[in-house]
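Pasted below: input_1.pdb, PDB, C-alpha atoms, pLDDT in the B column.
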```
ATOM      1  CA  MET F 253     115.742  75.367 109.814  1.00 50.00           C
ATOM      2  CA  GLU F 254     119.169  74.399 108.576  1.00 57.00           C
ATOM      3  CA  ILE F 255     117.792  71.825 106.150  1.00 54.00           C
ATOM      4  CA  TYR F 256     116.278  74.519 103.894  1.00 57.00           C
ATOM      5  CA  LYS F 257     119.589  76.387 103.563  1.00 69.00           C
ATOM      6  CA  ASN F 258     120.944  73.569 101.398  1.00 76.00           C
ATOM      7  CA  GLU F 259     120.162  74.770  97.860  1.00 78.00           C
ATOM      8  CA  GLU F 260     120.216  71.276  96.352  1.00 83.00           C
ATOM      9  CA  LEU F 261     117.787  70.023  98.978  1.00 80.00           C
ATOM     10  CA  ARG F 262     115.522  73.065  98.525  1.00 76.00           C
ATOM     11  CA  GLN F 263     115.341  72.416  94.789  1.00 80.00           C
ATOM     12  CA  GLN F 264     114.576  68.743  95.434  1.00 82.00           C
ATOM     13  CA  ILE F 265     111.682  69.756  97.717  1.00 79.00           C
ATOM     14  CA  VAL F 266     110.323  72.094  95.024  1.00 80.00           C
ATOM     15  CA  ASN F 267     110.599  69.364  92.368  1.00 83.00           C
ATOM     16  CA  ASP F 268     109.046  66.696  94.602  1.00 85.00           C
ATOM     17  CA  GLY F 269     106.246  69.044  95.643  1.00 82.00           C
ATOM     18  CA  SER F 270     105.441  69.814  92.011  1.00 83.00           C
ATOM     19  CA  LYS F 271     105.400  66.096  91.172  1.00 85.00           C
ATOM     20  CA  MET F 272     103.102  65.394  94.137  1.00 85.00           C
ATOM     21  CA  VAL F 273     100.620  67.992  92.886  1.00 83.00           C
ATOM     22  CA  ALA F 274     100.829  66.594  89.341  1.00 83.00           C
ATOM     23  CA  GLN F 275     100.200  63.048  90.575  1.00 85.00           C
ATOM     24  CA  GLY F 276      97.138  64.275  92.480  1.00 86.00           C
ATOM     25  CA  GLU F 277      95.564  65.276  89.158  1.00 89.00           C
ATOM     26  CA  PHE F 278      93.780  68.227  90.729  1.00 92.00           C
ATOM     27  CA  TRP F 279      91.109  69.749  88.519  1.00 93.00           C
ATOM     28  CA  LEU F 280      91.296  73.353  89.653  1.00 94.00           C
ATOM     29  CA  PHE F 281      93.872  75.780  90.965  1.00 94.00           C
ATOM     30  CA  GLY F 282      92.358  78.555  93.054  1.00 95.00           C
ATOM     31  CA  THR F 283      93.431  81.861  94.532  1.00 95.00           C
ATOM     32  CA  ALA F 284      91.160  83.361  97.192  1.00 97.00           C
ATOM     33  CA  THR F 285      91.924  86.937  98.190  1.00 96.00           C
ATOM     34  CA  TYR F 286      90.801  89.535 100.714  1.00 97.00           C
ATOM     35  CA  TYR F 287      89.964  93.212 100.157  1.00 94.00           C
ATOM     36  CA  ASP F 288      92.972  94.109 102.287  1.00 94.00           C
ATOM     37  CA  GLY F 289      95.256  91.146 102.827  1.00 92.00           C
ATOM     38  CA  THR F 290      97.505  93.287 105.014  1.00 90.00           C
ATOM     39  CA  MET F 291      94.777  93.285 107.655  1.00 94.00           C
ATOM     40  CA  ILE F 292      94.285  89.504 107.647  1.00 94.00           C
ATOM     41  CA  SER F 293      96.366  87.385 110.014  1.00 94.00           C
ATOM     42  CA  ARG F 294      97.554  83.909 109.141  1.00 92.00           C
ATOM     43  CA  GLU F 295      95.252  82.551 111.860  1.00 94.00           C
ATOM     44  CA  LYS F 296      92.239  84.323 110.309  1.00 96.00           C
ATOM     45  CA  ALA F 297      93.107  82.971 106.846  1.00 96.00           C
ATOM     46  CA  GLU F 298      93.451  79.439 108.254  1.00 96.00           C
ATOM     47  CA  LYS F 299      90.093  79.758 110.014  1.00 97.00           C
ATOM     48  CA  ASP F 300      88.452  81.031 106.811  1.00 97.00           C
ATOM     49  CA  ALA F 301      90.032  78.214 104.786  1.00 97.00           C
ATOM     50  CA  ARG F 302      88.778  75.561 107.211  1.00 97.00           C
ATOM     51  CA  TYR F 303      85.291  77.075 107.194  1.00 97.00           C
ATOM     52  CA  PHE F 304      85.248  77.399 103.394  1.00 98.00           C
ATOM     53  CA  PHE F 305      86.410  73.854 102.676  1.00 97.00           C
ATOM     54  CA  ASN F 306      84.237  72.266 105.354  1.00 94.00           C
ATOM     55  CA  MET F 307      81.232  74.100 103.915  1.00 96.00           C
ATOM     56  CA  LEU F 308      82.221  73.002 100.411  1.00 96.00           C
ATOM     57  CA  ASP F 309      82.344  69.371 101.569  1.00 95.00           C
ATOM     58  CA  ARG F 310      78.955  69.687 103.287  1.00 93.00           C
ATOM     59  CA  LYS F 311      77.335  71.180 100.196  1.00 95.00           C
ATOM     60  CA  LEU F 312      78.814  68.824  97.602  1.00 96.00           C
ATOM     61  CA  LEU F 313      79.366  65.459  99.235  1.00 94.00           C
ATOM     62  CA  LYS F 314      76.795  62.869 100.125  1.00 91.00           C
ATOM     63  CA  ARG F 315      75.761  62.975 103.752  1.00 88.00           C
ATOM     64  CA  ILE F 316      77.337  59.590 104.548  1.00 90.00           C
ATOM     65  CA  ASP F 317      80.677  60.739 103.083  1.00 89.00           C
ATOM     66  CA  TYR F 318      80.665  63.860 105.204  1.00 81.00           C
ATOM     67  CA  ILE F 319      79.657  61.967 108.350  1.00 84.00           C
ATOM     68  CA  GLU F 320      82.461  59.444 107.748  1.00 89.00           C
ATOM     69  CA  ASN F 321      84.929  62.332 107.305  1.00 87.00           C
ATOM     70  CA  ARG F 322      85.575  61.722 103.605  1.00 90.00           C
ATOM     71  CA  LYS F 323      86.419  65.020 101.949  1.00 94.00           C
ATOM     72  CA  LEU F 324      87.192  66.393  98.527  1.00 95.00           C
ATOM     73  CA  ASP F 325      90.889  65.996  97.721  1.00 95.00           C
ATOM     74  CA  ARG F 326      92.697  69.297  98.152  1.00 95.00           C
ATOM     75  CA  LEU F 327      95.980  70.964  98.957  1.00 92.00           C
ATOM     76  CA  VAL F 328      95.779  74.367 100.635  1.00 93.00           C
ATOM     77  CA  PHE F 329      98.508  76.994 101.041  1.00 91.00           C
ATOM     78  CA  ILE F 330      98.370  80.236 103.023  1.00 91.00           C
ATOM     79  CA  GLU F 331     100.685  82.830 101.500  1.00 89.00           C
ATOM     80  CA  THR F 332     101.582  86.429 102.224  1.00 85.00           C
ATOM     81  CA  GLY F 333     102.873  87.516  98.813  1.00 79.00           C
ATOM     82  CA  ARG F 334     106.086  89.237  97.809  1.00 76.00           C
ATOM     83  CA  THR F 335     105.801  91.911 100.486  1.00 77.00           C
ATOM     84  CA  ARG F 336     105.076  89.311 103.210  1.00 77.00           C
ATOM     85  CA  THR F 337     101.985  91.328 104.148  1.00 84.00           C
ATOM     86  CA  ASN F 338      99.253  90.404 101.642  1.00 90.00           C
ATOM     87  CA  THR F 339      97.634  87.285 103.097  1.00 94.00           C
ATOM     88  CA  HIS F 340      95.772  85.098 100.594  1.00 94.00           C
ATOM     89  CA  ILE F 341      94.968  81.444  99.980  1.00 95.00           C
ATOM     90  CA  HIS F 342      96.030  79.181  97.111  1.00 94.00           C
ATOM     91  CA  PHE F 343      94.589  75.712  96.666  1.00 95.00           C
ATOM     92  CA  TYR F 344      94.370  72.726  94.384  1.00 94.00           C
ATOM     93  CA  ILE F 345      91.137  70.717  94.454  1.00 96.00           C
ATOM     94  CA  LYS F 346      89.299  68.015  92.568  1.00 95.00           C
ATOM     95  CA  GLY F 347      85.891  66.439  92.659  1.00 93.00           C
ATOM     96  CA  ASN F 348      84.947  62.779  92.602  1.00 91.00           C
ATOM     97  CA  ASN F 349      82.435  60.433  90.952  1.00 88.00           C
ATOM     98  CA  TYR F 350      79.540  62.514  92.334  1.00 89.00           C
ATOM     99  CA  VAL F 351      80.997  66.036  92.137  1.00 94.00           C
ATOM    100  CA  GLY F 352      81.628  67.350  88.628  1.00 94.00           C
ATOM    101  CA  TYR F 353      84.047  70.009  87.409  1.00 95.00           C
ATOM    102  CA  ARG F 354      81.471  72.768  86.801  1.00 96.00           C
ATOM    103  CA  GLN F 355      79.598  71.988  90.009  1.00 97.00           C
ATOM    104  CA  LEU F 356      82.822  72.260  91.999  1.00 97.00           C
ATOM    105  CA  GLU F 357      83.850  75.471  90.266  1.00 97.00           C
ATOM    106  CA  GLU F 358      80.467  77.147  90.776  1.00 97.00           C
ATOM    107  CA  LYS F 359      80.177  76.124  94.429  1.00 98.00           C
ATOM    108  CA  CYS F 360      83.681  77.423  95.229  1.00 98.00           C
ATOM    109  CA  ILE F 361      82.796  80.827  93.777  1.00 98.00           C
ATOM    110  CA  GLU F 362      79.405  80.929  95.462  1.00 98.00           C
ATOM    111  CA  LEU F 363      80.635  79.980  98.936  1.00 98.00           C
ATOM    112  CA  TRP F 364      83.702  82.253  98.962  1.00 98.00           C
ATOM    113  CA  ASN F 365      81.638  85.231  97.806  1.00 97.00           C
ATOM    114  CA  GLU F 366      78.667  84.624 100.091  1.00 96.00           C
ATOM    115  CA  LYS F 367      80.186  83.229 103.275  1.00 96.00           C
ATOM    116  CA  ILE F 368      83.655  84.704 103.832  1.00 97.00           C
ATOM    117  CA  LYS F 369      83.826  88.110 105.493  1.00 95.00           C
ATOM    118  CA  LYS F 370      86.404  90.621 104.239  1.00 95.00           C
ATOM    119  CA  ARG F 371      86.832  88.574 101.069  1.00 96.00           C
ATOM    120  CA  HIS F 372      87.669  90.174  97.763  1.00 97.00           C
ATOM    121  CA  ASN F 373      87.413  87.480  95.130  1.00 96.00           C
ATOM    122  CA  ILE F 374      88.262  83.959  94.151  1.00 97.00           C
ATOM    123  CA  LYS F 375      89.852  82.989  90.856  1.00 96.00           C
ATOM    124  CA  LEU F 376      89.739  79.420  89.628  1.00 96.00           C
ATOM    125  CA  LEU F 377      91.916  78.177  86.817  1.00 93.00           C
ATOM    126  CA  ASP F 378      91.778  74.868  85.013  1.00 91.00           C
ATOM    127  CA  ASN F 379      94.548  72.516  86.129  1.00 89.00           C
ATOM    128  CA  LEU F 380      93.654  69.439  84.086  1.00 85.00           C
ATOM    129  CA  TYR F 381      95.497  69.855  80.821  1.00 78.00           C
ATOM    130  CA  ALA F 382      99.280  69.797  80.547  1.00 69.00           C
ATOM    131  CA  GLY F 383      99.459  73.307  79.087  1.00 70.00           C
ATOM    132  CA  ASN F 384      97.405  74.748  81.925  1.00 69.00           C
ATOM    133  CA  ARG F 385      98.942  73.040  84.949  1.00 72.00           C
ATOM    134  CA  ARG F 386     100.261  75.126  87.800  1.00 80.00           C
ATOM    135  CA  ASN F 387     101.737  72.234  89.746  1.00 78.00           C
ATOM    136  CA  GLY F 388     104.816  74.112  90.882  1.00 74.00           C
ATOM    137  CA  TYR F 389     103.166  77.442  91.645  1.00 79.00           C
ATOM    138  CA  CYS F 390     102.781  77.043  95.403  1.00 75.00           C
ATOM    139  CA  TRP F 391     106.381  75.958  95.772  1.00 69.00           C
ATOM    140  CA  LYS F 392     107.719  79.165  94.211  1.00 65.00           C
ATOM    141  CA  GLU F 393     108.452  80.855  97.513  1.00 59.00           C
ATOM    142  CA  MET F 394     110.743  78.018  98.445  1.00 58.00           C
ATOM    143  CA  ASN F 395     113.153  79.375  95.822  1.00 50.00           C
ATOM    144  CA  ASN F 396     112.741  83.067  96.610  1.00 47.00           C
ATOM    145  CA  LEU F 397     112.936  83.308 100.392  1.00 47.00           C
ATOM    146  CA  ASN F 398     115.137  82.269 103.222  1.00 40.00           C
ATOM    147  CA  ALA F 399     114.002  79.065 104.853  1.00 37.00           C
ATOM    148  CA  ASP F 400     112.557  80.476 108.044  1.00 38.00           C
ATOM    149  CA  VAL F 401     110.232  82.872 106.195  1.00 38.00           C
ATOM    150  CA  TRP F 402     109.041  80.188 103.770  1.00 38.00           C
ATOM    151  CA  HIS F 403     108.490  77.696 106.556  1.00 36.00           C
ATOM    152  CA  THR F 404     106.405  80.060 108.681  1.00 34.00           C
ATOM    153  CA  GLU F 405     104.667  82.159 106.041  1.00 36.00           C
ATOM    154  CA  SER F 406     103.898  79.829 103.156  1.00 37.00           C
ATOM    155  CA  SER F 407     103.669  76.367 104.590  1.00 39.00           C
ATOM    156  CA  HIS F 408     101.105  73.879 103.400  1.00 45.00           C
ATOM    157  CA  LEU F 409      97.950  73.935 105.495  1.00 49.00           C
ATOM    158  CA  ASN F 410      96.549  70.476 106.112  1.00 47.00           C
ATOM    159  CA  LEU F 411      92.768  70.785 106.157  1.00 51.00           C
ATOM    160  CA  THR F 412      91.807  67.143 105.846  1.00 44.00           C
TER     161      THR F 412
END
```

Starting from the coordinates I provided, produce the structure as structure tokens.
Amino acid sequence: MEIYKNEELRQQIVNDGSKMVAQGEFWLFGTATYYDGTMISREKAEKDARYFFNMLDRKLLKRIDYIENRKLDRLVFIETGRTRTNTHIHFYIKGNNYVGYRQLEEKCIELWNEKIKKRHNIKLLDNLYAGNRRNGYCWKEMNNLNADVWHTESSHLNLT
């Protein structure tokens, strides 16, 4: 896409994306990996992400919230790493009045490790305090790659 070849515009997208994440006040930043990310297609990672987050909603939300399609706030990114071959998932997520920080953290670890085939691990980092925030992390590839690769390989996955 021609729009991404404009360096000023690319930087504006990175800055705006980082601000959007900051305004969302997400509690956790997660990285979910596979034993061999080179053997995982983007489609498989998207399917796993949908399954993982739907299961997380079912386990943590009240039944009425789930039935009415209310979900935990999240942003999900499928990435392929520096080599463009190591598929993995990054996400930002937060709980609500009924789902606490520790409960969310523990359930993410439990579900990824018990329910996702070919998974390696999941790392969750605090994203609440200013010194810990990783608001711009998932926009990093926007600066490092040509537009077509970023757009197809590291685009935001809408799972809501």

Residues picked by the PyMOL selection byres ((chain F and resi 343) around 7) here, as a PyMOL selection string?
-> chain F and resi 281-283+326-329+341-342+344-345

Would you mind reading off the distance between CA of Leu261 in chain F and CA of Thr335 in chain F, one decimal, in Å?
->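 The value is 25.0 Å.
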
Counting only C-alpha atoms, what is within 12 Å of His372 in chain F, bar same-chain residues fewer than 6 positions away, as a PyMOL selection string?
-> chain F and resi 283-289+292+339-341+361+364-366

Writing out the chosen residues with C-alpha atoms as a short mmCIF file (atom, residue, chain, number, x, y, z; two decimals), in the frame of the given file:
```cif
data_model
loop_
_atom_site.label_atom_id
_atom_site.label_comp_id
_atom_site.auth_asym_id
_atom_site.auth_seq_id
_atom_site.Cartn_x
_atom_site.Cartn_y
_atom_site.Cartn_z
CA THR F 283 93.43 81.86 94.53
CA ALA F 284 91.16 83.36 97.19
CA THR F 285 91.92 86.94 98.19
CA TYR F 286 90.80 89.54 100.71
CA TYR F 287 89.96 93.21 100.16
CA ASP F 288 92.97 94.11 102.29
CA GLY F 289 95.26 91.15 102.83
CA ILE F 292 94.28 89.50 107.65
CA THR F 339 97.63 87.28 103.10
CA HIS F 340 95.77 85.10 100.59
CA ILE F 341 94.97 81.44 99.98
CA ILE F 361 82.80 80.83 93.78
CA TRP F 364 83.70 82.25 98.96
CA ASN F 365 81.64 85.23 97.81
CA GLU F 366 78.67 84.62 100.09
#
```

Just give me the gap between CA of Leu308 in chain F and CA of Arg336 in chain F in Å, one decimal is fine.
->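 Going from CA of Leu308 in chain F over to CA of Arg336 in chain F, I get 28.2 Å.
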
Using all atoms listed in the file, which residues sit within 12 Å of Tyr353 in chain F once same-chain residues fewer than 3 positions away are excluded, as number ranges by chain?
-> F: 278-281, 312, 345-350, 356-360, 376-380
